[in-house]
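Here is the file work-v9.txt (compact mmCIF, C-alpha atoms).
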# COMPACT_ATOMS: atom_id res chain seq x y z
CA MET Z 155 16.94 1.26 17.93
CA LYS Z 156 18.00 -2.30 18.66
CA VAL Z 157 18.84 -4.51 15.74
CA SER Z 158 20.48 -7.82 16.36
CA LYS Z 159 21.04 -10.42 13.73
CA ARG Z 160 22.57 -13.75 12.99
CA ILE Z 161 24.46 -13.87 9.73
CA SER Z 162 23.20 -16.63 7.49
CA GLN Z 163 25.29 -17.88 4.60
CA GLU Z 164 22.81 -17.71 1.74
CA ASN Z 165 22.22 -14.49 -0.16
CA ILE Z 166 18.60 -13.36 0.13
CA LEU Z 167 16.76 -10.72 -1.89
CA ILE Z 168 13.76 -8.92 -0.40
CA VAL Z 169 11.46 -7.08 -2.79
CA GLY Z 170 8.83 -4.38 -2.24
CA PHE Z 171 6.84 -2.23 -4.66
CA PRO Z 172 3.62 -0.19 -4.40
CA SER Z 173 0.58 -2.47 -4.23
CA ASN Z 174 -2.40 -3.05 -1.90
CA GLY Z 175 -2.11 -0.91 1.24
CA LEU Z 176 1.48 0.01 0.24
CA ILE Z 177 2.54 -2.96 2.38
CA GLY Z 178 5.65 -3.84 0.36
CA THR Z 179 6.83 -0.23 0.19
CA PHE Z 180 6.40 0.37 3.93
CA ALA Z 181 7.90 -2.97 4.99
CA ILE Z 182 11.00 -2.92 2.78
CA SER Z 183 11.66 0.80 3.42
CA TYR Z 184 11.55 0.15 7.13
CA LEU Z 185 13.86 -2.83 6.90
CA ILE Z 186 16.35 -0.79 4.85
CA HIS Z 187 16.19 1.87 7.55
CA ALA Z 188 16.37 -0.55 10.49
CA LEU Z 189 19.27 -2.57 9.10
CA ASP Z 190 21.03 0.58 7.90
CA MET Z 191 21.40 -0.95 4.44
CA ARG Z 192 23.58 0.79 1.86
CA GLN Z 193 22.35 1.69 -1.62
CA ILE Z 194 24.52 -0.11 -4.16
CA GLU Z 195 22.68 0.13 -7.47
CA GLU Z 196 19.65 1.39 -9.37
CA LEU Z 197 17.32 -0.37 -11.78
CA ASP Z 198 16.26 1.52 -14.87
CA HIS Z 199 13.74 0.84 -17.60
CA PRO Z 200 13.09 2.94 -20.74
CA ASP Z 201 9.28 2.56 -20.42
CA LEU Z 202 9.19 3.75 -16.86
CA SER Z 203 7.83 7.27 -16.56
CA PRO Z 204 10.99 9.43 -16.26
CA THR Z 205 11.13 10.30 -12.58
CA LEU Z 206 13.90 11.25 -10.19
CA PHE Z 207 13.60 12.24 -6.57
CA VAL Z 208 15.81 14.74 -4.82
CA GLU Z 209 16.54 14.34 -1.14
CA ASP Z 210 18.91 16.67 0.69
CA GLY Z 211 20.38 17.66 -2.68
CA GLU Z 212 20.98 14.04 -3.69
CA ILE Z 213 19.38 12.61 -6.85
CA ILE Z 214 17.58 9.33 -6.19
CA ALA Z 215 16.20 6.88 -8.74
CA PRO Z 216 12.74 5.38 -8.10
CA ILE Z 217 13.92 1.74 -8.20
CA ARG Z 218 16.95 1.08 -6.05
CA ILE Z 219 18.99 -1.84 -4.72
CA TYR Z 220 20.37 -1.93 -1.19
CA LYS Z 221 22.67 -4.38 0.58
CA LYS Z 222 23.78 -5.32 4.06
CA ASN Z 223 25.84 -8.49 4.54
CA ASN Z 224 23.90 -11.30 2.81
CA ILE Z 225 20.62 -9.36 2.50
CA PHE Z 226 19.84 -7.51 -0.72
CA ALA Z 227 16.72 -5.32 -1.09
CA ILE Z 228 14.99 -3.98 -4.19
CA ILE Z 229 12.49 -1.23 -3.60
CA SER Z 230 10.37 0.74 -6.03
CA ASP Z 231 8.80 4.07 -5.13
CA LEU Z 232 6.86 4.15 -8.39
CA PRO Z 233 3.83 1.98 -9.06
CA PHE Z 234 4.03 0.05 -12.32
CA ASP Z 235 1.55 -1.93 -14.37
CA SER Z 236 1.73 -5.64 -15.15
CA TYR Z 237 3.52 -5.09 -18.48
CA LEU Z 238 6.39 -3.27 -16.79
CA ALA Z 239 6.21 -5.73 -13.91
CA TYR Z 240 7.40 -8.55 -16.20
CA ASP Z 241 10.46 -6.51 -17.15
CA PHE Z 242 11.00 -5.45 -13.55
CA ALA Z 243 10.98 -9.11 -12.47
CA GLU Z 244 13.31 -10.12 -15.32
CA LEU Z 245 15.78 -7.38 -14.36
CA ALA Z 246 15.57 -8.46 -10.72
CA LEU Z 247 16.16 -12.05 -11.75
CA GLN Z 248 19.23 -11.14 -13.81
CA TYR Z 249 20.53 -9.29 -10.77
CA CYS Z 250 19.90 -12.38 -8.60
CA LYS Z 251 21.89 -14.60 -10.97
CA LYS Z 252 24.76 -12.13 -11.08
CA ASN Z 253 24.91 -11.93 -7.30
CA ASN Z 254 24.28 -15.56 -6.45
CA ILE Z 255 20.96 -14.90 -4.69
CA GLN Z 256 19.53 -18.16 -3.35
CA LYS Z 257 16.16 -17.00 -2.06
CA ILE Z 258 13.72 -14.20 -2.91
CA ILE Z 259 11.09 -12.80 -0.54
CA ILE Z 260 8.35 -10.51 -1.85
CA VAL Z 261 6.23 -8.54 0.61
CA SER Z 262 2.80 -7.43 -0.49
CA GLY Z 263 -0.78 -6.87 0.69
CA MET Z 264 -4.08 -8.62 0.18
CA GLU Z 265 -7.57 -7.48 1.06
CA THR Z 266 -8.67 -8.53 4.55
CA ILE Z 267 -10.61 -11.78 4.49
CA ASN Z 268 -11.77 -11.94 8.09
CA LYS Z 269 -13.29 -8.51 8.66
CA ASP Z 270 -14.12 -9.31 12.31
CA SER Z 271 -10.51 -9.92 13.28
CA ASN Z 272 -8.76 -6.95 14.86
CA THR Z 273 -5.27 -8.14 13.96
CA PRO Z 274 -4.27 -8.45 10.32
CA GLN Z 275 -3.16 -11.96 9.41
CA ILE Z 276 -0.23 -12.90 7.21
CA TYR Z 277 -0.24 -15.58 4.55
CA GLY Z 278 2.64 -17.17 2.70
CA LEU Z 279 2.92 -18.53 -0.79
CA VAL Z 280 5.94 -20.37 -2.12
CA THR Z 281 7.06 -21.08 -5.66
CA HIS Z 282 9.26 -24.06 -4.76
CA GLN Z 283 8.74 -27.00 -2.43
CA SER Z 284 12.01 -26.21 -0.63
CA LEU Z 285 10.40 -23.17 1.05
CA GLU Z 286 7.44 -25.06 2.52
CA GLU Z 287 9.54 -25.69 5.61
CA THR Z 288 10.11 -21.94 6.04
CA LEU Z 289 6.34 -21.46 6.28
CA TYR Z 290 6.05 -24.25 8.83
CA ILE Z 291 8.99 -23.18 11.02
CA ASN Z 292 7.81 -19.56 11.11
CA GLN Z 293 4.15 -20.51 11.65
CA ILE Z 294 3.00 -18.66 8.56
CA SER Z 295 -0.43 -19.76 7.31
CA LYS Z 296 -0.35 -20.90 3.74
CA PHE Z 297 -2.26 -18.90 1.13
CA LEU Z 298 -4.46 -21.79 0.04
CA THR Z 299 -7.11 -20.47 -2.33
CA GLY Z 300 -7.61 -17.22 -4.17
CA SER Z 301 -6.61 -15.22 -7.21
CA ILE Z 302 -3.69 -12.90 -7.78
CA PHE Z 303 -3.98 -10.22 -10.45
CA GLY Z 304 -1.89 -7.54 -12.12
CA THR Z 305 1.54 -6.48 -10.97
CA ASP Z 306 1.88 -9.12 -8.23
CA ALA Z 307 0.85 -11.89 -10.61
CA ALA Z 308 3.33 -10.73 -13.27
CA VAL Z 309 6.26 -10.61 -10.84
CA ILE Z 310 5.40 -13.99 -9.28
CA SER Z 311 4.97 -15.58 -12.74
CA VAL Z 312 8.52 -14.64 -13.71
CA PHE Z 313 10.05 -15.76 -10.41
CA ARG Z 314 8.24 -19.11 -10.31
CA LYS Z 315 9.74 -20.06 -13.68
CA SER Z 316 13.24 -19.44 -12.37
CA LYS Z 317 15.35 -21.80 -10.28
CA ILE Z 318 15.46 -19.37 -7.37
CA PRO Z 319 12.79 -20.22 -4.77
CA THR Z 320 10.51 -17.32 -3.89
CA LEU Z 321 8.41 -16.72 -0.79
CA ILE Z 322 5.57 -14.24 -1.07
CA LEU Z 323 4.35 -12.76 2.21
CA TYR Z 324 0.82 -11.37 1.97
CA ALA Z 325 -0.37 -9.18 4.85
CA GLU Z 326 -4.10 -8.62 5.16
CA CYS Z 327 -4.79 -4.93 4.71
CA HIS Z 328 -7.13 -2.28 3.42
CA PRO Z 329 -6.32 -2.41 -0.30
CA PHE Z 330 -7.11 1.24 -1.06
CA PHE Z 331 -5.67 3.02 1.98
CA PRO Z 332 -2.03 3.08 3.17
CA ASP Z 333 -1.89 0.48 5.92
CA PRO Z 334 1.25 0.81 8.08
CA GLU Z 335 -0.38 -1.29 10.83
CA ALA Z 336 -0.57 -4.30 8.51
CA SER Z 337 2.96 -3.50 7.32
CA ILE Z 338 4.23 -3.98 10.87
CA ILE Z 339 2.88 -7.56 10.85
CA ALA Z 340 4.75 -8.06 7.56
CA ILE Z 341 7.95 -6.55 9.02
CA VAL Z 342 7.79 -8.81 12.10
CA THR Z 343 7.20 -11.91 9.95
CA LEU Z 344 9.94 -10.94 7.51
CA ALA Z 345 12.35 -10.45 10.43
CA LYS Z 346 11.46 -13.95 11.71
CA VAL Z 347 12.13 -15.49 8.30
CA LEU Z 348 15.43 -13.61 7.97
CA ASN Z 349 16.32 -14.58 11.53
CA ILE Z 350 16.91 -11.01 12.63
CA LYS Z 351 15.34 -8.86 15.33
CA ILE Z 352 13.73 -5.60 14.31
CA ASP Z 353 12.33 -3.00 16.71
CA THR Z 354 9.16 -1.57 15.13
CA THR Z 355 8.72 1.28 17.62
CA ASP Z 356 9.69 3.94 15.05
CA ILE Z 357 7.07 2.98 12.50
CA GLN Z 358 4.44 2.44 15.21
CA LYS Z 359 4.95 6.01 16.39
CA LYS Z 360 4.55 7.37 12.87
CA MET Z 361 1.62 5.27 11.62
CA GLU Z 362 -0.98 8.02 11.48
CA HIS Z 363 1.39 10.50 9.85
CA LEU Z 364 2.47 7.94 7.25
CA ARG Z 365 -1.16 7.41 6.29
CA ILE Z 366 -1.47 11.12 5.50
CA GLN Z 367 1.96 11.47 3.87
CA ARG Z 368 1.45 8.55 1.49
CA ARG Z 369 -2.03 9.46 0.21
CA ASN Z 370 -0.74 10.38 -3.23
CA LEU Z 371 1.41 7.30 -3.69
CA MET Z 372 -1.61 5.19 -2.70
CA ASP Z 373 -3.79 7.13 -5.12
CA GLU Z 374 -1.30 6.67 -7.97
CA THR Z 375 -0.95 2.98 -7.16
CA ILE Z 376 -4.73 2.45 -7.34
CA ARG Z 377 -4.89 4.35 -10.63
CA THR Z 378 -2.08 2.23 -12.09
CA LEU Z 379 -3.64 -1.04 -10.95
CA GLN Z 380 -7.13 -0.03 -12.12
CA GLN Z 381 -5.84 1.21 -15.46
CA GLN Z 382 -4.46 -2.23 -16.26
CA LYS Z 383 -7.80 -3.78 -15.29
CA ILE Z 384 -9.60 -1.48 -17.74
CA GLU Z 385 -7.04 -2.16 -20.47
CA ASN Z 386 -7.34 -5.91 -19.94
CA LYS Z 387 -11.12 -5.74 -20.10
CA SER Z 388 -11.23 -3.68 -23.26
CA THR Z 389 -8.66 -5.69 -25.16
CA LYS Z 390 -9.12 -9.27 -24.10
CA ILE Z 391 -12.86 -9.84 -23.88
CA PRO Z 392 -14.88 -9.21 -27.02
CA HIS Z 393 -18.03 -7.26 -26.09
CA ILE Z 394 -20.28 -9.66 -27.98
CA TYR Z 395 -19.53 -12.48 -25.52
CA ARG Z 396 -20.04 -10.49 -22.32
CA MET T 71 0.69 21.19 18.73
CA THR T 72 3.02 18.42 17.59
CA GLU T 73 5.52 18.72 14.80
CA ASN T 74 5.62 16.04 12.15
CA ASN T 75 9.35 15.82 11.68
CA HIS T 76 10.53 12.68 13.45
CA LYS T 77 14.06 12.18 12.17
CA GLU T 78 14.44 8.58 13.30
CA PHE T 79 12.58 7.02 10.42
CA GLU T 80 11.88 8.73 7.16
CA ILE T 81 10.69 6.49 4.35
CA ARG T 82 12.61 7.47 1.24
CA ILE T 83 9.62 7.72 -1.01
CA THR T 84 8.42 10.91 -2.52
CA PRO T 85 5.12 11.24 -4.33
CA SER T 86 6.08 10.98 -7.97
CA SER T 87 4.03 12.89 -10.49
CA THR T 88 1.96 15.05 -8.19
CA SER T 89 2.72 17.05 -5.12
CA SER T 90 1.19 15.75 -1.94
CA LEU T 91 -0.39 19.17 -1.61
CA PHE T 92 -2.10 18.79 -4.98
CA ASN T 93 -5.66 18.22 -3.73
CA ASP T 94 -5.27 19.95 -0.42
CA ASP T 95 -6.55 23.40 0.36
CA VAL T 96 -3.43 25.02 1.77
CA GLU T 97 -5.07 28.39 2.31
CA HIS T 98 -7.81 26.95 4.53
CA GLN T 99 -5.55 24.26 6.08
CA ILE T 100 -7.73 21.46 4.71
CA LEU T 101 -6.45 18.01 3.72
CA SER T 102 -8.29 15.89 1.20
CA PRO T 103 -8.68 12.37 2.65
CA LEU T 104 -8.44 9.19 0.64
CA SER T 105 -11.85 7.65 0.05
CA CYS T 106 -13.33 4.70 -1.74
CA LEU T 107 -16.82 3.79 -2.78
CA ARG T 108 -17.82 0.19 -3.31
CA GLU T 109 -21.13 -1.10 -4.57
CA TYR T 110 -22.82 -4.13 -3.04
CA GLY T 111 -26.19 -5.70 -3.83
CA THR T 112 -28.39 -3.53 -1.63
CA TYR T 113 -26.05 -0.79 -0.45
CA TRP T 114 -23.01 1.37 -1.15
CA LEU T 115 -20.03 1.33 1.19
CA LEU T 116 -18.24 4.66 1.32
CA GLU T 117 -14.97 4.73 3.28
CA PHE T 118 -12.71 7.60 4.30
CA ASP T 119 -9.20 7.25 5.72
CA LEU T 120 -9.06 9.70 8.61
CA PRO T 121 -5.89 9.25 10.66
CA LEU T 122 -5.18 11.77 13.46
CA VAL T 123 -8.92 12.17 14.02
CA ASN T 124 -11.17 11.47 17.04
CA LYS T 125 -14.70 10.16 16.44
CA LYS T 126 -16.28 13.15 18.23
CA ASP T 127 -14.69 15.57 15.77
CA ILE T 128 -16.25 14.09 12.62
CA LYS T 129 -19.26 15.69 10.98
CA ILE T 130 -21.15 13.83 8.24
CA THR T 131 -23.84 15.51 6.18
CA SER T 132 -25.81 14.39 3.17
CA ASP T 133 -28.09 15.91 0.59
CA GLU T 134 -30.05 14.40 -2.29
CA ASN T 135 -27.13 12.64 -3.94
CA SER T 136 -23.95 13.45 -2.06
CA ILE T 137 -22.19 12.79 1.24
CA SER T 138 -19.84 15.29 2.85
CA ILE T 139 -17.46 14.77 5.72
CA GLU T 140 -15.49 17.22 7.76
CA ALA T 141 -13.14 16.31 10.60
CA LYS T 142 -10.86 18.30 12.84
CA LEU T 143 -7.40 16.80 13.36
CA LYS T 144 -6.40 16.04 16.95
CA GLU T 145 -3.09 17.77 16.28
CA THR T 146 -1.76 20.10 13.60
CA TYR T 147 -0.27 18.21 10.68
CA PHE T 148 2.79 19.72 9.00
CA GLU T 149 4.20 19.22 5.54
CA GLU T 150 7.52 20.67 4.53
CA LYS T 151 8.51 21.32 0.95
CA PHE T 152 11.37 23.47 -0.30
CA ASP T 153 11.87 24.71 3.26
CA LYS T 154 8.30 25.96 3.39
CA LYS T 155 6.20 24.55 6.19
CA THR T 156 2.46 24.11 5.60
CA GLU T 157 0.01 23.46 8.42
CA PHE T 158 -3.25 21.54 8.23
CA GLU T 159 -6.08 21.36 10.76
CA TYR T 160 -8.94 19.58 8.94
CA PHE T 161 -9.99 16.84 6.58
CA LYS T 162 -12.82 17.69 4.20
CA LYS T 163 -14.36 15.96 1.19
CA THR T 164 -17.65 15.56 -0.68
CA ILE T 165 -18.54 12.48 -2.70
CA THR T 166 -21.35 12.53 -5.23
CA LEU T 167 -23.23 9.29 -5.76
CA LEU T 168 -25.18 8.04 -8.73
CA GLY T 169 -28.80 8.10 -7.67
CA LYS T 170 -30.72 9.49 -4.74
CA ILE T 171 -29.86 8.92 -1.10
CA ASP T 172 -32.27 8.14 1.70
CA SER T 173 -30.49 10.04 4.49
CA LYS T 174 -32.55 8.42 7.26
CA LYS T 175 -31.21 4.97 6.49
CA ILE T 176 -27.51 5.85 6.36
CA SER T 177 -25.33 4.40 9.12
CA ALA T 178 -21.69 5.05 9.98
CA LYS T 179 -18.89 3.45 11.96
CA PHE T 180 -15.46 4.83 12.90
CA GLU T 181 -12.67 2.42 13.79
CA LYS T 182 -8.88 2.71 13.68
CA GLY T 183 -9.11 6.03 11.90
CA ARG T 184 -11.34 4.70 9.12
CA LEU T 185 -14.86 5.95 8.61
CA GLU T 186 -17.32 3.51 7.04
CA ILE T 187 -20.62 4.85 5.79
CA ILE T 188 -23.28 2.40 4.64
CA ILE T 189 -25.75 3.90 2.22
CA PRO T 190 -28.71 1.65 1.40
CA LYS T 191 -29.83 1.81 -2.23
CA THR T 192 -33.23 3.36 -2.82
CA ILE T 193 -35.28 1.01 -4.91
CA SER T 194 -37.81 2.58 -7.22
CA SER T 195 -38.79 0.03 -9.80
CA HIS T 196 -41.70 -0.67 -12.08
CA LYS T 197 -43.02 -4.09 -12.88
CA ILE T 198 -42.58 -5.03 -16.52
CA ILE T 199 -45.11 -7.38 -18.01
CA ILE T 200 -43.85 -10.12 -20.27
CA LYS T 201 -46.11 -10.48 -23.28
Could you quickly redo this structure as structure tokens?
Amino acid sequence: MKVSKRISQENILIVGFPSNGLIGTFAISYLIHALDMRQIEELDHPDLSPTLFVEDGEIIAPIRIYKKNNIFAIISDLPFDSYLAYDFAELALQYCKKNNIQKIIIVSGMETINKDSNTPQIYGLVTHQSLEETLYINQISKFLTGSIFGTDAAVISVFRKSKIPTLILYAECHPFFPDPEASIIAIVTLAKVLNIKIDTTDIQKKMEHLRIQRRNLMDETIRTLQQQKIENKSTKIPHIYR
Amino acid sequence: MTENNHKEFEIRITPSSTSSLFNDDVEHQILSPLSCLREYGTYWLLEFDLPLVNKKDIKITSDENSISIEAKLKETYFEEKFDKKTEFEYFKKTITLLGKIDSKKISAKFEKGRLEIIIPKTISSHKIIIK
């Protein structure tokens, strides 16, 4: 694997969690792997379903923080609803302040708009004017109109109120199936923004296997996202007005 | 036969509350594919995620109110848990729909390992007179 990079001065945080097409999870995991990032911390929350993973005899928490030079990465292997997402974002923000993070990049997925196109497109959304130039330089189409719901909306809401500018990269994908192909587009775009070179051969080779391996995570993610939709419907809209 | 244990890149995510073998039929080497059913004005769109499958190896059948798919994998898929290796050869799943299906009008498309089945709604309505 060839990874070449130019060290930039500002500290950048990249964030990925299970959402549409598992784009964020695939993209950030791959970047952690490709850059050989080192795990430095874990994020914990009392309301998070108690879960630990074991890998080669090592206990691993579901939400972890990695670092390599000026790049920090937060990845969650557990889907969470919008209520927990607020806390997740607040914890991430506290971490950013403590570590002098100057830019945040979230990678996520959105349902394909142009169904006739064979290549998934990527769209960018920024919380602060200062990142508009990043979109322009990297030729990322701006997410102009649409709605964002649930976990993504909660995380973005917290970040946009902070002073740290955030770029959200949305890759077009199939929302209900793991979509490593769309994740590759996100990885390539993320690498451009970070000014690093990433070889995506490894993930390309494993795309079909990843789609089988991650069926359950996708299934749990859909259940979590749909559960919050049901809860919102039943609590916020009185039946008499529907 | 190809083994699914590329060491170069292993995403460090493990299915959390359920085993990935939870819905699979280990004994008969059958995987349960992800599927989704969406309702549109005049039809239902039923999709199955079928990676590692060639179009010629997919069989779709339907009865009065359900659709079944069966597909042979182009290579054996392996899962390893607690040093036990499990092999899978097929995808298989049946989805039951609300209402009757007109089998003759169903169409299907297979692209990039995703099967799309369009099921037109059967309309059987009665005119209601407004008094």
| said: Restricting the calculation to only C-alpha atoms: of Z:Leu364, Z:Ile291, Z:Ile166, Z:Ile259, which residue gets closest to Glu335 in chain Z? | reply: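 Counting only C-alpha atoms, the residue closest to Glu335 in chain Z is Z:Leu364.
Of the residues listed (T:Lys151, T:Gly111, T:Asn93, T:Glu117), T:Lys151 shows the shortest atom-to-atom separation from Glu209 in chain Z; distances use all atoms listed in the file.
In this comparison, which uses only C-alpha atoms, the residue of Z:Phe303, Z:Phe330, Z:Phe297, Z:Tyr237 approaching chain T most closely is Z:Phe330.
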| request: Report as a list in words the set of chain Z residues whose atoms approach chain T to within 7 Å, with distances computed over only C-alpha atoms. | output: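 The answer, sorted by residue number, is Ser183, Tyr184, His187, Thr205, Phe207, Asp231, Leu232, Phe331, Asp356, Glu362, Arg365, Arg369, Asn370 and Leu371 of chain Z.
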| message | For a quick check of understanding, using all atoms listed in the file, which of Z:Tyr240, Z:Phe226, Z:Tyr290, Z:Phe234 has the smallest distance to Val312 in chain Z? | response |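 Result for the nearest residue to Val312 in chain Z: Z:Tyr240.
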| task | Just give me the gap between CA of Ser203 in chain Z and CA of Arg377 in chain Z in Å, one decimal is fine. | result | 14.3 Å
| request: Counting all atoms listed in the file, find the residues whose atoms lie at most 9 Å from (-34.0, 1.6, -5.2) (file coordinates) and write them out as number ranges by chain. | output: T: 112, 169-170, 190-195
| request: Could you check how far CA of His328 in chain Z sits from CA of Asn174 in chain Z, in Å to one decimal? | output: 7.2 Å
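Note that the spacing between CA of Leu247 in chain Z and CA of Val208 in chain Z amounts to 27.7 Å.
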| request: Go through Z:Ile376, Z:Glu196, Z:Asn224, Z:Thr354 one by one, measure the shortest atom-to-atom distance of each to Ala246 in chain Z using only C-alpha atoms, and give the residue with the smallest value. | output: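 Between Z:Ile376, Z:Glu196, Z:Asn224, Z:Thr354, the residue approaching Ala246 in chain Z most closely is Z:Glu196.
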| said: Let me make sure I understand: among T:Lys201, T:Tyr113, T:His98, T:Ile189, which one has the smallest atom-to-atom distance to Ser173 in chain T if we use all atoms listed in the file? | reply: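 Smallest distance to Ser173 in chain T is found for T:Ile189.
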Taking (18.7, -7.0, 4.7) in the file's own coordinates, collect the residues within 12 Å, counting all atoms listed in the file, and hand them back as a PDB file with C-alpha atoms, keeping the file's coordinate frame.
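Final output, result31.pdb:
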ATOM      1  CA  VAL Z 157      18.840  -4.510  15.740  1.00  0.00           C
ATOM      2  CA  SER Z 158      20.480  -7.820  16.360  1.00  0.00           C
ATOM      3  CA  LYS Z 159      21.040 -10.420  13.730  1.00  0.00           C
ATOM      4  CA  ARG Z 160      22.570 -13.750  12.990  1.00  0.00           C
ATOM      5  CA  ILE Z 161      24.460 -13.870   9.730  1.00  0.00           C
ATOM      6  CA  SER Z 162      23.200 -16.630   7.490  1.00  0.00           C
ATOM      7  CA  GLU Z 164      22.810 -17.710   1.740  1.00  0.00           C
ATOM      8  CA  ASN Z 165      22.220 -14.490  -0.160  1.00  0.00           C
ATOM      9  CA  ILE Z 166      18.600 -13.360   0.130  1.00  0.00           C
ATOM     10  CA  LEU Z 167      16.760 -10.720  -1.890  1.00  0.00           C
ATOM     11  CA  ILE Z 168      13.760  -8.920  -0.400  1.00  0.00           C
ATOM     12  CA  VAL Z 169      11.460  -7.080  -2.790  1.00  0.00           C
ATOM     13  CA  ALA Z 181       7.900  -2.970   4.990  1.00  0.00           C
ATOM     14  CA  ILE Z 182      11.000  -2.920   2.780  1.00  0.00           C
ATOM     15  CA  SER Z 183      11.660   0.800   3.420  1.00  0.00           C
ATOM     16  CA  TYR Z 184      11.550   0.150   7.130  1.00  0.00           C
ATOM     17  CA  LEU Z 185      13.860  -2.830   6.900  1.00  0.00           C
ATOM     18  CA  ILE Z 186      16.350  -0.790   4.850  1.00  0.00           C
ATOM     19  CA  HIS Z 187      16.190   1.870   7.550  1.00  0.00           C
ATOM     20  CA  ALA Z 188      16.370  -0.550  10.490  1.00  0.00           C
ATOM     21  CA  LEU Z 189      19.270  -2.570   9.100  1.00  0.00           C
ATOM     22  CA  ASP Z 190      21.030   0.580   7.900  1.00  0.00           C
ATOM     23  CA  MET Z 191      21.400  -0.950   4.440  1.00  0.00           C
ATOM     24  CA  ARG Z 192      23.580   0.790   1.860  1.00  0.00           C
ATOM     25  CA  GLN Z 193      22.350   1.690  -1.620  1.00  0.00           C
ATOM     26  CA  ILE Z 219      18.990  -1.840  -4.720  1.00  0.00           C
ATOM     27  CA  TYR Z 220      20.370  -1.930  -1.190  1.00  0.00           C
ATOM     28  CA  LYS Z 221      22.670  -4.380   0.580  1.00  0.00           C
ATOM     29  CA  LYS Z 222      23.780  -5.320   4.060  1.00  0.00           C
ATOM     30  CA  ASN Z 223      25.840  -8.490   4.540  1.00  0.00           C
ATOM     31  CA  ASN Z 224      23.900 -11.300   2.810  1.00  0.00           C
ATOM     32  CA  ILE Z 225      20.620  -9.360   2.500  1.00  0.00           C
ATOM     33  CA  PHE Z 226      19.840  -7.510  -0.720  1.00  0.00           C
ATOM     34  CA  ALA Z 227      16.720  -5.320  -1.090  1.00  0.00           C
ATOM     35  CA  ILE Z 228      14.990  -3.980  -4.190  1.00  0.00           C
ATOM     36  CA  ILE Z 229      12.490  -1.230  -3.600  1.00  0.00           C
ATOM     37  CA  ILE Z 258      13.720 -14.200  -2.910  1.00  0.00           C
ATOM     38  CA  ILE Z 259      11.090 -12.800  -0.540  1.00  0.00           C
ATOM     39  CA  ILE Z 341       7.950  -6.550   9.020  1.00  0.00           C
ATOM     40  CA  LEU Z 344       9.940 -10.940   7.510  1.00  0.00           C
ATOM     41  CA  ALA Z 345      12.350 -10.450  10.430  1.00  0.00           C
ATOM     42  CA  VAL Z 347      12.130 -15.490   8.300  1.00  0.00           C
ATOM     43  CA  LEU Z 348      15.430 -13.610   7.970  1.00  0.00           C
ATOM     44  CA  ASN Z 349      16.320 -14.580  11.530  1.00  0.00           C
ATOM     45  CA  ILE Z 350      16.910 -11.010  12.630  1.00  0.00           C
ATOM     46  CA  LYS Z 351      15.340  -8.860  15.330  1.00  0.00           C
ATOM     47  CA  ILE Z 352      13.730  -5.600  14.310  1.00  0.00           C
TER      48      ILE Z 352
END
| request: Show which residues sit within 10 Å of Ile177 in chain Z, as an MDAnalysis selection string. Count all atoms listed in the file, and ignore same-chain residues fewer than 5 positions away. | output: chainID Z and resid 170:172 182:183 261:264 323:329 332:341
